[in-house]
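Just below is one structure, and these are the notes that go with it.
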Amino acid sequence: MPRLPDLSPLRPPAPPPVTRFAPSPTGHLHLGHVVNAIYVWGIARAAGGRVQVRIEDHDRIRCRPAYEAGILEDLAWLGLEGGPVTRQSDAPEAYTEALARLRGGAQVYTCTCSRREIGAGPYPGRCRDRGLTEADSLALRVRLPDTTEVFEDLALGPQTQRPAAQGGDLLIRDRDGHWTYQFAVTVDDLRHGVTLVIRGDDLLDSTGRQIALARLLGRLDPPRFLHHPLIVDEGGRKLSKSAGDTGIRELRAAGRTAADVLGMAAAAVGLVPAATRLSADALATLFGAPS
Ligand code: GLU
């Protein structure tokens, strides 16, 4: 069984947490998303908080409206809804405003380095002091101060990260004019008042960067974080979106009920024994709420 998260910091007198479910509409939902949704809705309900559904469509090339519609339909079928949906593409001004704010307190600069030039390590800051003119077709980075970010993960315990050493100065807009994942997510968590980020532990490495970036944007009280286990295959690899047998559409078409699918996902990460059916109304009990 995975270590159960310690939800005591979320209980009163702490204000009710605001968390989010943030799928990218680059494919349909699969069991890996359902694992995340179980943690998000289960913990939000156990702690008396709420869920903001956010469609992460900052990558305009890979996202498709049909996937968004399919994701929302599958969530409703699972019994998981969270009030009005927000999407990144609805608020382009939020990112340009945040960029302006960032320039007020940090060094934002044009970068012409290709992936190949940068290589695998942290960005070495080659363009930092070149004073290159900005253009829509050129990438933008922000200089990250060399801070040590310490946070208490509600599932994994104390964490220490050094974002400047991990990745170097953060890319905030790529040369296609797209806001990057790190920038868009940090701006969104701030503008939506998200106080609790619940996501898979493949994103643990991003957290120090997002705390550092949020500080540059003026957020001194970062959200709390909880990184949960992912479904892995027998070789220890993360479940891939292309894995047809774990798609929610396919499972529905094969006659599985929502309670079957929630049970399969929860069992795959050890939250319940195999072959347990789980109703959406019972998710909070997995995280300590009375049944
Ligand atoms: N949109 C991201 C994904 O689908 C999740 C981002 C996050 O939770 O920070 O993996």
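Ordering of the structure tokens sets the chain letters (A, B, ...); residue numbers start at 1 within each chain; ligands are numbered from 1 in the order shown.
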
Give me the residues of chain A that have any atom at most 6 Å from an atom of ligand 1; for each, the nearest atom pair and the distance in Å, rounded to one decimal. Use only C-alpha atoms and all ligand atoms, sort by chain and number, and format it as a Markdown table.
| residue | atom | partner | partner_atom_place_in_ligand_line | distance |
| --- | --- | --- | --- | --- |
| A:Ala22 | CA | ligand 1 | 1 (N) | 4.9 |
| A:Pro23 | CA | ligand 1 | 4 (O) | 4.2 |
| A:Ser24 | CA | ligand 1 | 4 (O) | 4.5 |
| A:Glu56 | CA | ligand 1 | 1 (N) | 5.3 |
| A:Arg199 | CA | ligand 1 | 8 (O) | 5.0 |

Wanna dump the range 88-166 of chain A-range 200-211 of chain A contacts at 6 Å for me, each residue with its shortest atom pair and the distance in Å to one decimal, counting only C-alpha atoms, ordered by chain and number, as a Markdown table?
| residue | atom | partner | partner_atom | distance |
| --- | --- | --- | --- | --- |
| A:Glu149 | CA | A:Gly208 | CA | 5.5 |
| A:Gln161 | CA | A:Gly208 | CA | 5.6 |
| A:Pro163 | CA | A:Arg209 | CA | 5.1 |

>> Which residues are close to range 166-182 of chain A, i.e. within 6 Å by only C-alpha atoms, leaving aside same-chain residues fewer than 5 positions away? Reply as JSON, numbers by chain.
In response: {"A": [122, 123, 136, 137, 138, 139, 140, 141, 142, 143, 144]}

Please dump the current selection as a compact mmCIF listing (two decimals), in the first residue's frame; keep N, CA and C atoms.
# COMPACT_ATOMS: atom_id res chain seq x y z
N PRO A 122 21.74 21.49 -17.36
CA PRO A 122 21.01 22.74 -17.12
C PRO A 122 21.42 23.80 -18.14
N TYR A 123 20.51 24.72 -18.44
CA TYR A 123 20.84 25.77 -19.40
C TYR A 123 21.98 26.62 -18.85
N ASP A 136 8.79 37.68 -31.67
CA ASP A 136 7.84 36.60 -31.41
C ASP A 136 8.43 35.24 -31.77
N SER A 137 9.38 35.25 -32.69
CA SER A 137 9.93 33.98 -33.13
C SER A 137 11.16 33.55 -32.32
N LEU A 138 11.44 34.28 -31.25
CA LEU A 138 12.60 33.91 -30.41
C LEU A 138 12.12 33.57 -29.00
N ALA A 139 12.80 32.62 -28.38
CA ALA A 139 12.39 32.16 -27.06
C ALA A 139 12.75 33.18 -25.98
N LEU A 140 12.01 33.08 -24.85
CA LEU A 140 12.28 33.95 -23.70
C LEU A 140 12.61 33.09 -22.48
N ARG A 141 13.60 33.53 -21.74
CA ARG A 141 13.94 32.86 -20.48
C ARG A 141 13.90 33.87 -19.35
N VAL A 142 13.80 33.34 -18.13
CA VAL A 142 13.93 34.19 -16.96
C VAL A 142 15.11 33.69 -16.13
N ARG A 143 15.90 34.64 -15.64
CA ARG A 143 17.05 34.27 -14.81
C ARG A 143 16.54 33.79 -13.45
N LEU A 144 16.94 32.60 -13.07
CA LEU A 144 16.52 32.06 -11.77
C LEU A 144 17.63 32.30 -10.75

>> Just to confirm, what's the straight-line distance from CA of Gly27 in chain A to CA of Glu250 in chain A in Å (one decimal)?
In response: 13.0 Å

> Using only C-alpha atoms, which residue out of A:Gly42, A:Gly131, A:Pro65, A:Gly105 lies closest to Ala266 in chain A?
Replying inline: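 For Ala266 in chain A, the nearest of the given residues is A:Gly42.
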
> If you run DSSP on this backbone, which residues of range 40-240 of chain A come out as alpha helix (DSSP H), and could you give them as a ChimeraX atom specification?
Replying inline: /A:40-46,65-78,92-105,115-118,163-166,181-191,207-216

> Using only C-alpha atoms, which residues sit within 12 Å of range 216-218 of chain A once same-chain residues fewer than 5 positions away are excluded, as a ChimeraX atom specification?
Replying inline: /A:95,97-108,142-145,147,170,183,186-191,209-211

> Using only C-alpha atoms, which residues sit within 12 Å of Glu68 in chain A once same-chain residues fewer than 4 positions away are excluded, as a PyMOL selection string?
Replying inline: chain A and resi 22-29+53-57+62-64+72-75+85-87

>> Could you check the closest approach to Pro13 in chain A for each of A:Ala47, A:Ala212, A:Ala69, A:Ala253 and tell me which residue wins, using only C-alpha atoms?
In response: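 The shortest atom-to-atom distance to Pro13 in chain A comes from A:Ala47.
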
> Can you list, as an NGL selection string, every protein, DNA or RNA residue that comes within 10 Å of Val261 in chain A when you count only C-alpha atoms, leaving out same-chain residues fewer than 2 positions away?
Replying inline: :A and (30-31 or 34-35 or 78 or 246 or 248 or 251-252 or 256-259 or 263-267 or 275-279)

Written selection (N, CA and C atoms) as a PDB file, in the first residue's frame:
ATOM      1  N   HIS A  30      -6.957   8.209 -19.621  1.00  0.00           N
ATOM      2  CA  HIS A  30      -6.631   6.793 -19.393  1.00  0.00           C
ATOM      3  C   HIS A  30      -6.536   6.550 -17.888  1.00  0.00           C
ATOM      4  N   LEU A  31      -6.252   5.341 -17.498  1.00  0.00           N
ATOM      5  CA  LEU A  31      -6.279   5.018 -16.061  1.00  0.00           C
ATOM      6  C   LEU A  31      -5.311   5.870 -15.245  1.00  0.00           C
ATOM      7  N   VAL A  34      -7.057   8.775 -14.184  1.00  0.00           N
ATOM      8  CA  VAL A  34      -8.065   8.456 -13.167  1.00  0.00           C
ATOM      9  C   VAL A  34      -7.400   8.326 -11.793  1.00  0.00           C
ATOM     10  N   VAL A  35      -6.179   7.788 -11.746  1.00  0.00           N
ATOM     11  CA  VAL A  35      -5.450   7.752 -10.474  1.00  0.00           C
ATOM     12  C   VAL A  35      -5.311   9.174  -9.930  1.00  0.00           C
ATOM     13  N   LEU A  78     -17.585   9.515 -14.888  1.00  0.00           N
ATOM     14  CA  LEU A  78     -16.973   8.973 -13.667  1.00  0.00           C
ATOM     15  C   LEU A  78     -17.604   9.557 -12.398  1.00  0.00           C
ATOM     16  N   THR A 246      -5.993   0.844 -21.562  1.00  0.00           N
ATOM     17  CA  THR A 246      -6.272   1.579 -20.334  1.00  0.00           C
ATOM     18  C   THR A 246      -7.068   2.848 -20.610  1.00  0.00           C
ATOM     19  N   ILE A 248     -10.185   5.220 -21.049  1.00  0.00           N
ATOM     20  CA  ILE A 248     -11.508   5.196 -20.411  1.00  0.00           C
ATOM     21  C   ILE A 248     -12.598   4.924 -21.451  1.00  0.00           C
ATOM     22  N   LEU A 251     -12.611   1.226 -22.082  1.00  0.00           N
ATOM     23  CA  LEU A 251     -13.164   0.477 -20.946  1.00  0.00           C
ATOM     24  C   LEU A 251     -14.687   0.633 -20.897  1.00  0.00           C
ATOM     25  N   ARG A 252     -15.159   1.846 -21.207  1.00  0.00           N
ATOM     26  CA  ARG A 252     -16.618   2.076 -21.251  1.00  0.00           C
ATOM     27  C   ARG A 252     -17.249   1.218 -22.329  1.00  0.00           C
ATOM     28  N   ARG A 256     -17.508  -1.714 -18.916  1.00  0.00           N
ATOM     29  CA  ARG A 256     -17.140  -1.438 -17.524  1.00  0.00           C
ATOM     30  C   ARG A 256     -17.950  -0.264 -16.996  1.00  0.00           C
ATOM     31  N   THR A 257     -18.307  -0.300 -15.726  1.00  0.00           N
ATOM     32  CA  THR A 257     -19.016   0.825 -15.112  1.00  0.00           C
ATOM     33  C   THR A 257     -17.998   1.807 -14.543  1.00  0.00           C
ATOM     34  N   ALA A 258     -18.505   2.988 -14.157  1.00  0.00           N
ATOM     35  CA  ALA A 258     -17.622   3.989 -13.551  1.00  0.00           C
ATOM     36  C   ALA A 258     -16.981   3.419 -12.277  1.00  0.00           C
ATOM     37  N   ALA A 259     -17.760   2.680 -11.494  1.00  0.00           N
ATOM     38  CA  ALA A 259     -17.218   2.119 -10.246  1.00  0.00           C
ATOM     39  C   ALA A 259     -16.142   1.065 -10.536  1.00  0.00           C
ATOM     40  N   GLY A 263     -12.283   1.684  -9.372  1.00  0.00           N
ATOM     41  CA  GLY A 263     -11.666   0.602  -8.594  1.00  0.00           C
ATOM     42  C   GLY A 263     -10.389   0.091  -9.242  1.00  0.00           C
ATOM     43  N   MET A 264     -10.401  -0.038 -10.578  1.00  0.00           N
ATOM     44  CA  MET A 264      -9.191  -0.512 -11.275  1.00  0.00           C
ATOM     45  C   MET A 264      -8.028   0.447 -11.062  1.00  0.00           C
ATOM     46  N   ALA A 265      -8.331   1.751 -11.201  1.00  0.00           N
ATOM     47  CA  ALA A 265      -7.267   2.755 -11.067  1.00  0.00           C
ATOM     48  C   ALA A 265      -6.739   2.772  -9.635  1.00  0.00           C
ATOM     49  N   ALA A 266      -7.650   2.756  -8.664  1.00  0.00           N
ATOM     50  CA  ALA A 266      -7.217   2.805  -7.245  1.00  0.00           C
ATOM     51  C   ALA A 266      -6.401   1.559  -6.911  1.00  0.00           C
ATOM     52  N   ALA A 267      -6.817   0.402  -7.444  1.00  0.00           N
ATOM     53  CA  ALA A 267      -6.093  -0.842  -7.153  1.00  0.00           C
ATOM     54  C   ALA A 267      -4.714  -0.826  -7.804  1.00  0.00           C
ATOM     55  N   ALA A 275      -9.828  -5.731  -7.752  1.00  0.00           N
ATOM     56  CA  ALA A 275     -11.224  -6.101  -7.984  1.00  0.00           C
ATOM     57  C   ALA A 275     -12.201  -5.466  -6.993  1.00  0.00           C
ATOM     58  N   THR A 276     -11.843  -4.295  -6.486  1.00  0.00           N
ATOM     59  CA  THR A 276     -12.765  -3.540  -5.631  1.00  0.00           C
ATOM     60  C   THR A 276     -13.517  -2.567  -6.523  1.00  0.00           C
ATOM     61  N   ARG A 277     -14.824  -2.480  -6.364  1.00  0.00           N
ATOM     62  CA  ARG A 277     -15.569  -1.442  -7.082  1.00  0.00           C
ATOM     63  C   ARG A 277     -15.618  -0.219  -6.170  1.00  0.00           C
ATOM     64  N   LEU A 278     -15.510   0.946  -6.780  1.00  0.00           N
ATOM     65  CA  LEU A 278     -15.373   2.148  -5.968  1.00  0.00           C
ATOM     66  C   LEU A 278     -16.285   3.216  -6.549  1.00  0.00           C
ATOM     67  N   SER A 279     -17.221   3.731  -5.737  1.00  0.00           N
ATOM     68  CA  SER A 279     -18.084   4.779  -6.299  1.00  0.00           C
ATOM     69  C   SER A 279     -17.424   6.135  -6.092  1.00  0.00           C
TER      70      SER A 279
END

>> Among range 74-200 of chain A, which ones does DSSP assign to strand (DSSP E or B) (computed from the backbone)? Answer as a PyMOL selection string.
In response: chain A and resi 86-87+108-111+123+139-142+149-153+157-161+168+170-173+179+196-200

> Quick one: residues within 8 Å of range 16-19 of chain A, only C-alpha atoms counted, chain neighbours fewer than 5 positions away excluded, as number ranges by chain?
Replying inline: A: 10-11, 40, 44, 47-52, 193-198

For the selection you just gave me, I'd like the residues written to a file as a PDB file, in the first residue's frame, keeping N, CA, C and O atoms.
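See out.pdb below for the written result:
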ATOM      1  N   LEU A  10      -4.134  20.313   6.216  1.00  0.00           N
ATOM      2  CA  LEU A  10      -5.245  20.857   5.410  1.00  0.00           C
ATOM      3  C   LEU A  10      -6.500  21.084   6.251  1.00  0.00           C
ATOM      4  O   LEU A  10      -7.466  21.678   5.779  1.00  0.00           O
ATOM      5  N   ARG A  11      -6.506  20.535   7.452  1.00  0.00           N
ATOM      6  CA  ARG A  11      -7.730  20.591   8.267  1.00  0.00           C
ATOM      7  C   ARG A  11      -7.840  21.938   8.963  1.00  0.00           C
ATOM      8  O   ARG A  11      -6.839  22.636   9.141  1.00  0.00           O
ATOM      9  N   VAL A  40      -7.109  13.746  -6.364  1.00  0.00           N
ATOM     10  CA  VAL A  40      -7.562  15.143  -6.359  1.00  0.00           C
ATOM     11  C   VAL A  40      -8.948  15.260  -5.716  1.00  0.00           C
ATOM     12  O   VAL A  40      -9.152  16.018  -4.760  1.00  0.00           O
ATOM     13  N   ALA A  44      -9.658  16.529  -1.891  1.00  0.00           N
ATOM     14  CA  ALA A  44     -10.447  17.770  -1.801  1.00  0.00           C
ATOM     15  C   ALA A  44     -11.683  17.531  -0.937  1.00  0.00           C
ATOM     16  O   ALA A  44     -11.998  18.317  -0.042  1.00  0.00           O
ATOM     17  N   ALA A  47     -10.927  16.923   2.783  1.00  0.00           N
ATOM     18  CA  ALA A  47     -10.467  18.124   3.493  1.00  0.00           C
ATOM     19  C   ALA A  47     -11.463  19.280   3.356  1.00  0.00           C
ATOM     20  O   ALA A  47     -11.151  20.410   3.729  1.00  0.00           O
ATOM     21  N   GLY A  48     -12.635  19.021   2.792  1.00  0.00           N
ATOM     22  CA  GLY A  48     -13.656  20.075   2.674  1.00  0.00           C
ATOM     23  C   GLY A  48     -13.302  21.151   1.658  1.00  0.00           C
ATOM     24  O   GLY A  48     -13.781  22.280   1.759  1.00  0.00           O
ATOM     25  N   GLY A  49     -12.450  20.824   0.693  1.00  0.00           N
ATOM     26  CA  GLY A  49     -12.008  21.820  -0.276  1.00  0.00           C
ATOM     27  C   GLY A  49     -12.730  21.682  -1.601  1.00  0.00           C
ATOM     28  O   GLY A  49     -13.763  21.008  -1.699  1.00  0.00           O
ATOM     29  N   ARG A  50     -12.189  22.316  -2.644  1.00  0.00           N
ATOM     30  CA  ARG A  50     -12.827  22.213  -3.958  1.00  0.00           C
ATOM     31  C   ARG A  50     -11.793  21.977  -5.059  1.00  0.00           C
ATOM     32  O   ARG A  50     -10.603  22.231  -4.872  1.00  0.00           O
ATOM     33  N   VAL A  51     -12.317  21.504  -6.196  1.00  0.00           N
ATOM     34  CA  VAL A  51     -11.473  21.162  -7.340  1.00  0.00           C
ATOM     35  C   VAL A  51     -11.752  22.128  -8.484  1.00  0.00           C
ATOM     36  O   VAL A  51     -12.911  22.338  -8.856  1.00  0.00           O
ATOM     37  N   GLN A  52     -10.710  22.699  -9.033  1.00  0.00           N
ATOM     38  CA  GLN A  52     -10.837  23.513 -10.245  1.00  0.00           C
ATOM     39  C   GLN A  52     -10.392  22.636 -11.421  1.00  0.00           C
ATOM     40  O   GLN A  52      -9.267  22.138 -11.410  1.00  0.00           O
ATOM     41  N   GLY A 193      -5.929  30.854  -7.440  1.00  0.00           N
ATOM     42  CA  GLY A 193      -5.897  30.699  -5.976  1.00  0.00           C
ATOM     43  C   GLY A 193      -5.715  29.252  -5.551  1.00  0.00           C
ATOM     44  O   GLY A 193      -6.250  28.832  -4.514  1.00  0.00           O
ATOM     45  N   VAL A 194      -4.965  28.467  -6.334  1.00  0.00           N
ATOM     46  CA  VAL A 194      -4.736  27.061  -5.971  1.00  0.00           C
ATOM     47  C   VAL A 194      -3.808  27.014  -4.760  1.00  0.00           C
ATOM     48  O   VAL A 194      -2.736  27.611  -4.758  1.00  0.00           O
ATOM     49  N   THR A 195      -4.261  26.306  -3.718  1.00  0.00           N
ATOM     50  CA  THR A 195      -3.443  26.215  -2.499  1.00  0.00           C
ATOM     51  C   THR A 195      -2.898  24.810  -2.299  1.00  0.00           C
ATOM     52  O   THR A 195      -2.148  24.570  -1.360  1.00  0.00           O
ATOM     53  N   LEU A 196      -3.295  23.873  -3.165  1.00  0.00           N
ATOM     54  CA  LEU A 196      -2.840  22.491  -3.018  1.00  0.00           C
ATOM     55  C   LEU A 196      -2.695  21.876  -4.409  1.00  0.00           C
ATOM     56  O   LEU A 196      -3.675  21.779  -5.147  1.00  0.00           O
ATOM     57  N   VAL A 197      -1.468  21.511  -4.765  1.00  0.00           N
ATOM     58  CA  VAL A 197      -1.198  20.888  -6.065  1.00  0.00           C
ATOM     59  C   VAL A 197      -1.032  19.385  -5.833  1.00  0.00           C
ATOM     60  O   VAL A 197      -0.175  18.972  -5.052  1.00  0.00           O
ATOM     61  N   ILE A 198      -1.882  18.597  -6.497  1.00  0.00           N
ATOM     62  CA  ILE A 198      -1.832  17.141  -6.340  1.00  0.00           C
ATOM     63  C   ILE A 198      -1.548  16.558  -7.712  1.00  0.00           C
ATOM     64  O   ILE A 198      -2.340  16.733  -8.650  1.00  0.00           O
TER      65      ILE A 198
END

> Which distance in Å separates CA of Leu4 in chain A and CA of Ala284 in chain A, to one decimal?
Replying inline: 12.4 Å

> Quick one: distance from CA of Leu283 in chain A to CA of His228 in chain A in Å, one decimal?
Replying inline: 15.2 Å

> For Phe151 in chain A, which residue among A:Phe21, A:Phe225, A:Tyr39, A:Trp77 is the nearest when counting only C-alpha atoms?
Replying inline: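 Closest residue, counting only C-alpha atoms: A:Phe225.
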